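Participant: Take a look at data_23.cif, mmCIF, N, CA and C atoms:
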data_my_file
loop_
_atom_site.label_atom_id
_atom_site.label_comp_id
_atom_site.auth_asym_id
_atom_site.auth_seq_id
_atom_site.Cartn_x
_atom_site.Cartn_y
_atom_site.Cartn_z
N MET Y 30 173.55 65.86 93.31
CA MET Y 30 173.51 65.03 92.13
C MET Y 30 174.65 64.03 92.19
N LEU Y 31 174.35 62.85 91.75
CA LEU Y 31 175.36 61.81 91.62
C LEU Y 31 176.02 61.97 90.27
N PHE Y 32 177.35 61.91 90.24
CA PHE Y 32 178.04 62.00 88.96
C PHE Y 32 179.26 61.09 89.00
N GLY Y 33 179.99 61.05 87.91
CA GLY Y 33 181.18 60.21 87.85
C GLY Y 33 180.85 58.76 87.57
N SER Y 34 181.70 57.87 88.03
CA SER Y 34 181.57 56.45 87.69
C SER Y 34 180.25 55.84 88.17
N CYS Y 35 179.76 56.25 89.32
CA CYS Y 35 178.47 55.71 89.81
C CYS Y 35 177.34 56.06 88.85
N ALA Y 36 177.29 57.30 88.42
CA ALA Y 36 176.23 57.76 87.54
C ALA Y 36 176.33 57.12 86.16
N GLN Y 37 177.54 56.73 85.78
CA GLN Y 37 177.76 56.15 84.46
C GLN Y 37 177.66 54.63 84.46
N GLY Y 38 177.39 54.04 85.63
CA GLY Y 38 177.29 52.59 85.74
C GLY Y 38 178.64 51.90 85.67
N LYS Y 39 179.71 52.62 86.02
CA LYS Y 39 181.07 52.07 85.94
C LYS Y 39 181.73 51.97 87.31
N PHE Y 40 180.93 51.95 88.38
CA PHE Y 40 181.46 51.90 89.73
C PHE Y 40 182.16 50.57 90.00
N LEU Y 41 183.36 50.64 90.49
CA LEU Y 41 184.12 49.46 90.89
C LEU Y 41 184.42 49.61 92.38
N GLU Y 42 183.85 48.74 93.19
CA GLU Y 42 183.93 48.88 94.64
C GLU Y 42 185.36 49.05 95.15
N GLU Y 43 186.29 48.38 94.56
CA GLU Y 43 187.68 48.45 95.03
C GLU Y 43 188.40 49.72 94.59
N HIS Y 44 187.90 50.40 93.55
CA HIS Y 44 188.65 51.50 92.96
C HIS Y 44 187.90 52.82 92.85
N SER Y 45 186.59 52.82 93.01
CA SER Y 45 185.79 54.01 92.77
C SER Y 45 185.34 54.66 94.07
N ASP Y 46 185.10 55.95 93.99
CA ASP Y 46 184.47 56.65 95.09
C ASP Y 46 183.08 57.09 94.63
N ILE Y 47 182.33 57.68 95.53
CA ILE Y 47 180.99 58.15 95.21
C ILE Y 47 181.07 59.67 95.07
N ASP Y 48 180.85 60.16 93.86
CA ASP Y 48 180.95 61.58 93.57
C ASP Y 48 179.58 62.23 93.72
N LEU Y 49 179.50 63.22 94.61
CA LEU Y 49 178.25 63.93 94.84
C LEU Y 49 178.47 65.43 94.73
N TYR Y 50 177.58 66.08 94.02
CA TYR Y 50 177.59 67.54 93.84
C TYR Y 50 176.33 68.06 94.52
N PHE Y 51 176.46 69.13 95.31
CA PHE Y 51 175.26 69.69 95.93
C PHE Y 51 175.25 71.20 95.82
N GLU Y 52 174.03 71.73 95.76
CA GLU Y 52 173.84 73.18 95.70
C GLU Y 52 172.66 73.55 96.58
N GLY Y 53 172.42 74.85 96.71
CA GLY Y 53 171.30 75.30 97.52
C GLY Y 53 171.68 75.61 98.96
N VAL Y 54 172.96 75.54 99.26
CA VAL Y 54 173.47 75.82 100.61
C VAL Y 54 174.29 77.10 100.51
N PRO Y 55 174.10 78.05 101.42
CA PRO Y 55 174.94 79.25 101.37
C PRO Y 55 176.42 78.89 101.38
N TYR Y 56 177.19 79.63 100.60
CA TYR Y 56 178.62 79.36 100.44
C TYR Y 56 179.32 79.16 101.78
N GLU Y 57 179.02 80.01 102.75
CA GLU Y 57 179.72 79.94 104.03
C GLU Y 57 179.34 78.71 104.86
N ARG Y 58 178.33 77.97 104.44
CA ARG Y 58 177.92 76.75 105.17
C ARG Y 58 178.28 75.47 104.42
N GLU Y 59 178.79 75.60 103.21
CA GLU Y 59 179.09 74.40 102.40
C GLU Y 59 180.09 73.49 103.08
N GLY Y 60 181.13 74.05 103.66
CA GLY Y 60 182.13 73.23 104.36
C GLY Y 60 181.54 72.49 105.55
N LEU Y 61 180.68 73.16 106.30
CA LEU Y 61 180.02 72.53 107.44
C LEU Y 61 179.14 71.37 107.01
N ILE Y 62 178.37 71.59 105.96
CA ILE Y 62 177.48 70.54 105.45
C ILE Y 62 178.30 69.35 104.93
N ALA Y 63 179.37 69.64 104.21
CA ALA Y 63 180.23 68.56 103.70
C ALA Y 63 180.83 67.79 104.86
N GLY Y 64 181.33 68.49 105.87
CA GLY Y 64 181.92 67.83 107.03
C GLY Y 64 180.94 66.93 107.75
N LYS Y 65 179.72 67.43 107.96
CA LYS Y 65 178.69 66.62 108.63
C LYS Y 65 178.36 65.38 107.80
N THR Y 66 178.34 65.55 106.49
CA THR Y 66 178.05 64.40 105.61
C THR Y 66 179.16 63.36 105.70
N PHE Y 67 180.41 63.81 105.69
CA PHE Y 67 181.54 62.88 105.83
C PHE Y 67 181.45 62.12 107.15
N LEU Y 68 181.10 62.80 108.23
CA LEU Y 68 180.97 62.14 109.54
C LEU Y 68 179.81 61.14 109.55
N GLN Y 69 178.69 61.53 108.98
CA GLN Y 69 177.52 60.67 108.97
C GLN Y 69 177.74 59.40 108.15
N PHE Y 70 178.50 59.53 107.07
CA PHE Y 70 178.73 58.40 106.17
C PHE Y 70 180.22 58.06 106.10
N SER Y 71 180.84 57.97 107.25
CA SER Y 71 182.29 57.74 107.32
C SER Y 71 182.71 56.39 106.74
N ASN Y 72 181.78 55.48 106.59
CA ASN Y 72 182.09 54.17 106.02
C ASN Y 72 182.14 54.17 104.50
N LEU Y 73 181.77 55.31 103.88
CA LEU Y 73 181.77 55.40 102.42
C LEU Y 73 182.92 56.28 101.94
N ASP Y 74 183.40 55.98 100.75
CA ASP Y 74 184.44 56.79 100.11
C ASP Y 74 183.74 57.85 99.27
N LEU Y 75 183.49 59.01 99.89
CA LEU Y 75 182.74 60.08 99.24
C LEU Y 75 183.67 61.16 98.70
N ASP Y 76 183.25 61.74 97.60
CA ASP Y 76 183.88 62.95 97.05
C ASP Y 76 182.74 63.95 96.93
N LEU Y 77 182.67 64.91 97.86
CA LEU Y 77 181.59 65.88 97.89
C LEU Y 77 182.05 67.19 97.28
N ILE Y 78 181.28 67.69 96.34
CA ILE Y 78 181.61 68.93 95.66
C ILE Y 78 180.46 69.92 95.87
N PRO Y 79 180.65 70.93 96.71
CA PRO Y 79 179.63 71.96 96.84
C PRO Y 79 179.66 72.91 95.64
N ALA Y 80 178.50 73.40 95.24
CA ALA Y 80 178.40 74.26 94.06
C ALA Y 80 179.32 75.47 94.14
N GLY Y 81 179.43 76.06 95.32
CA GLY Y 81 180.24 77.26 95.48
C GLY Y 81 181.73 77.02 95.32
N HIS Y 82 182.15 75.77 95.37
CA HIS Y 82 183.57 75.42 95.25
C HIS Y 82 183.89 74.69 93.95
N ALA Y 83 182.88 74.51 93.11
CA ALA Y 83 183.07 73.78 91.85
C ALA Y 83 183.48 74.74 90.74
N THR Y 84 184.31 74.25 89.85
CA THR Y 84 184.66 75.04 88.67
C THR Y 84 183.47 75.05 87.71
N GLU Y 85 183.46 76.01 86.82
CA GLU Y 85 182.37 76.07 85.83
C GLU Y 85 182.37 74.82 84.95
N LYS Y 86 183.55 74.32 84.63
CA LYS Y 86 183.66 73.10 83.81
C LYS Y 86 183.01 71.92 84.53
N LEU Y 87 183.28 71.78 85.82
CA LEU Y 87 182.70 70.67 86.58
C LEU Y 87 181.19 70.85 86.70
N LYS Y 88 180.72 72.05 86.97
CA LYS Y 88 179.28 72.29 87.06
C LYS Y 88 178.59 71.88 85.77
N THR Y 89 179.17 72.26 84.64
CA THR Y 89 178.59 71.91 83.35
C THR Y 89 178.54 70.39 83.17
N GLU Y 90 179.63 69.72 83.51
CA GLU Y 90 179.67 68.25 83.40
C GLU Y 90 178.61 67.61 84.27
N VAL Y 91 178.51 68.05 85.50
CA VAL Y 91 177.54 67.47 86.43
C VAL Y 91 176.12 67.70 85.93
N LEU Y 92 175.83 68.90 85.48
CA LEU Y 92 174.47 69.19 85.02
C LEU Y 92 174.11 68.43 83.74
N GLN Y 93 175.12 68.08 82.93
CA GLN Y 93 174.86 67.33 81.70
C GLN Y 93 174.79 65.83 81.92
N THR Y 94 175.59 65.32 82.86
CA THR Y 94 175.69 63.86 83.01
C THR Y 94 175.24 63.33 84.36
N GLY Y 95 175.01 64.22 85.32
CA GLY Y 95 174.67 63.80 86.67
C GLY Y 95 173.26 63.24 86.79
N VAL Y 96 173.04 62.53 87.88
CA VAL Y 96 171.75 61.94 88.18
C VAL Y 96 171.21 62.60 89.45
N PRO Y 97 170.07 63.29 89.36
CA PRO Y 97 169.52 63.91 90.56
C PRO Y 97 169.15 62.86 91.60
N LEU Y 98 169.39 63.19 92.84
CA LEU Y 98 169.04 62.28 93.94
C LEU Y 98 167.89 62.84 94.75
#
Show me this structure written as structure tokens.
Facilitator:
Amino acid sequence: MLFGSCAQGKFLEEHSDIDLYFEGVPYEREGLIAGKTFLQFSNLDLDLIPAGHATEKLKTEVLQTGVPL
């Protein structure tokens, strides 16, 4: 899910990153998936949050305000 400034229509190319939350990946593979994503999209300023590493507060925020991709 896309969340943060991009999802809110407040993205500023010079100052914002792209916040992505993902779930459905076993906890022990989340780091591998995040790493592969960073390598594949190394030209983007990504902030990847796997579900297994997210706080309950962040999960709630993402589920309330995020945009499914």
Participant: One decimal, in Å: what's the spacing between atom CA of Y:Ala63 and atom C of Y:Gly38?
Facilitator: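 Going from atom CA of Y:Ala63 over to atom C of Y:Gly38 covers 24.6 Å.
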Participant: From the options Y:Glu42, Y:Asn72, Y:Met30, Y:Phe67, which residue's atoms come nearest to Y:Thr94, counting only C-alpha atoms?
Facilitator: Y:Met30
Participant: Using Å and a single decimal, report how far atom CA of Y:His44 sits from atom CA of Y:Val91.
Facilitator: 20.5 Å
Participant: Just the alpha helix (DSSP H) stuff from chain Y, please, per backbone DSSP, written as a list in words.
Facilitator: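 The alpha helix (DSSP H) subset of chain Y is Tyr56, Glu57, Arg58, Glu59, Gly60, Leu61, Ile62, Ala63, Gly64, Lys65, Thr66, Phe67, Leu68, Gln69, Glu85, Lys86, Leu87, Lys88, Thr89, Glu90, Val91, Leu92, Gln93 and Thr94 of chain Y.
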Participant: What gap, in Å, lies between atom CA of Y:Thr84 and atom CA of Y:Ser45?
Facilitator: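 Between these atoms lies a distance of 21.5 Å.
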Participant: Taking the DSSP assignment computed from this structure's backbone, write out as a ChimeraX atom specification all residues of chain Y that belong to strand (DSSP E or B).
Facilitator: /Y:31-32,47-51,75-79,96
Participant: Which is closest to Y:Gly81 among Y:Ala36, Y:Leu31, Y:Ile62, Y:Val54, if we use only C-alpha atoms?
Facilitator: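 Checking each candidate against Y:Gly81, we get Y:Val54 as the closest.
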Participant: Name the closest residue to Y:Ala83 among the candidates Y:Tyr50, Y:Gln37, Y:Thr66, Y:Pro55; distances are taken between atoms, counting only C-alpha atoms.
Facilitator: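 For Y:Ala83, the nearest of the given residues is Y:Tyr50.
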Participant: In the coordinate frame of the file, compute which residues have an atom within 8 Å of (185.9, 62.8, 97.8) when using only C-alpha atoms, and state them as a list in words.
Facilitator: Asp46, Ile47, Asp48, Asp74, Leu75, Asp76, Leu77 and Ile78 of chain Y
Participant: Can I get the selection written as a PDB file, in the coordinates of the input, with N, CA and C atoms?
Facilitator:
ATOM      1  N   ASP Y  46     185.100  55.950  93.990  1.00  0.00           N
ATOM      2  CA  ASP Y  46     184.470  56.650  95.090  1.00  0.00           C
ATOM      3  C   ASP Y  46     183.080  57.090  94.630  1.00  0.00           C
ATOM      4  N   ILE Y  47     182.330  57.680  95.530  1.00  0.00           N
ATOM      5  CA  ILE Y  47     180.990  58.150  95.210  1.00  0.00           C
ATOM      6  C   ILE Y  47     181.070  59.670  95.070  1.00  0.00           C
ATOM      7  N   ASP Y  48     180.850  60.160  93.860  1.00  0.00           N
ATOM      8  CA  ASP Y  48     180.950  61.580  93.570  1.00  0.00           C
ATOM      9  C   ASP Y  48     179.580  62.230  93.720  1.00  0.00           C
ATOM     10  N   ASP Y  74     183.400  55.980 100.750  1.00  0.00           N
ATOM     11  CA  ASP Y  74     184.440  56.790 100.110  1.00  0.00           C
ATOM     12  C   ASP Y  74     183.740  57.850  99.270  1.00  0.00           C
ATOM     13  N   LEU Y  75     183.490  59.010  99.890  1.00  0.00           N
ATOM     14  CA  LEU Y  75     182.740  60.080  99.240  1.00  0.00           C
ATOM     15  C   LEU Y  75     183.670  61.160  98.700  1.00  0.00           C
ATOM     16  N   ASP Y  76     183.250  61.740  97.600  1.00  0.00           N
ATOM     17  CA  ASP Y  76     183.880  62.950  97.050  1.00  0.00           C
ATOM     18  C   ASP Y  76     182.740  63.950  96.930  1.00  0.00           C
ATOM     19  N   LEU Y  77     182.670  64.910  97.860  1.00  0.00           N
ATOM     20  CA  LEU Y  77     181.590  65.880  97.890  1.00  0.00           C
ATOM     21  C   LEU Y  77     182.050  67.190  97.280  1.00  0.00           C
ATOM     22  N   ILE Y  78     181.280  67.690  96.340  1.00  0.00           N
ATOM     23  CA  ILE Y  78     181.610  68.930  95.660  1.00  0.00           C
ATOM     24  C   ILE Y  78     180.460  69.920  95.870  1.00  0.00           C
TER      25      ILE Y  78
END
Participant: Centre and edge lengths, as lines of an AutoDock Vina configuration file, for the axis-aligned box enclosing every listed atom of stretch 39-44 of chain Y with 4 Å of padding on each of the six sides, in Å to one decimal?
Facilitator:
center_x = 184.2
center_y = 50.6
center_z = 90.5
size_x = 16.9
size_y = 12.4
size_z = 17.2
Participant: Which of these residues is nearest to Y:Gly33, using only C-alpha atoms: Y:Leu68, Y:Ala80, Y:Leu73, Y:Leu87?
Facilitator: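 Closest to Y:Gly33 of all the choices is Y:Leu87.
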Participant: Point out the residue among Y:Gln69, Y:Gly95, Y:Gly60, Y:Thr89 with the least atom-to-atom distance to Y:Phe32, counting all atoms listed in the file.
Facilitator: Y:Gly95
Participant: Quick one: of Y:Gln93, Y:Pro79, Y:Lys39, Y:Ser71, who's nearest to Y:Gly53, counting all atoms listed in the file?
Facilitator: Y:Pro79
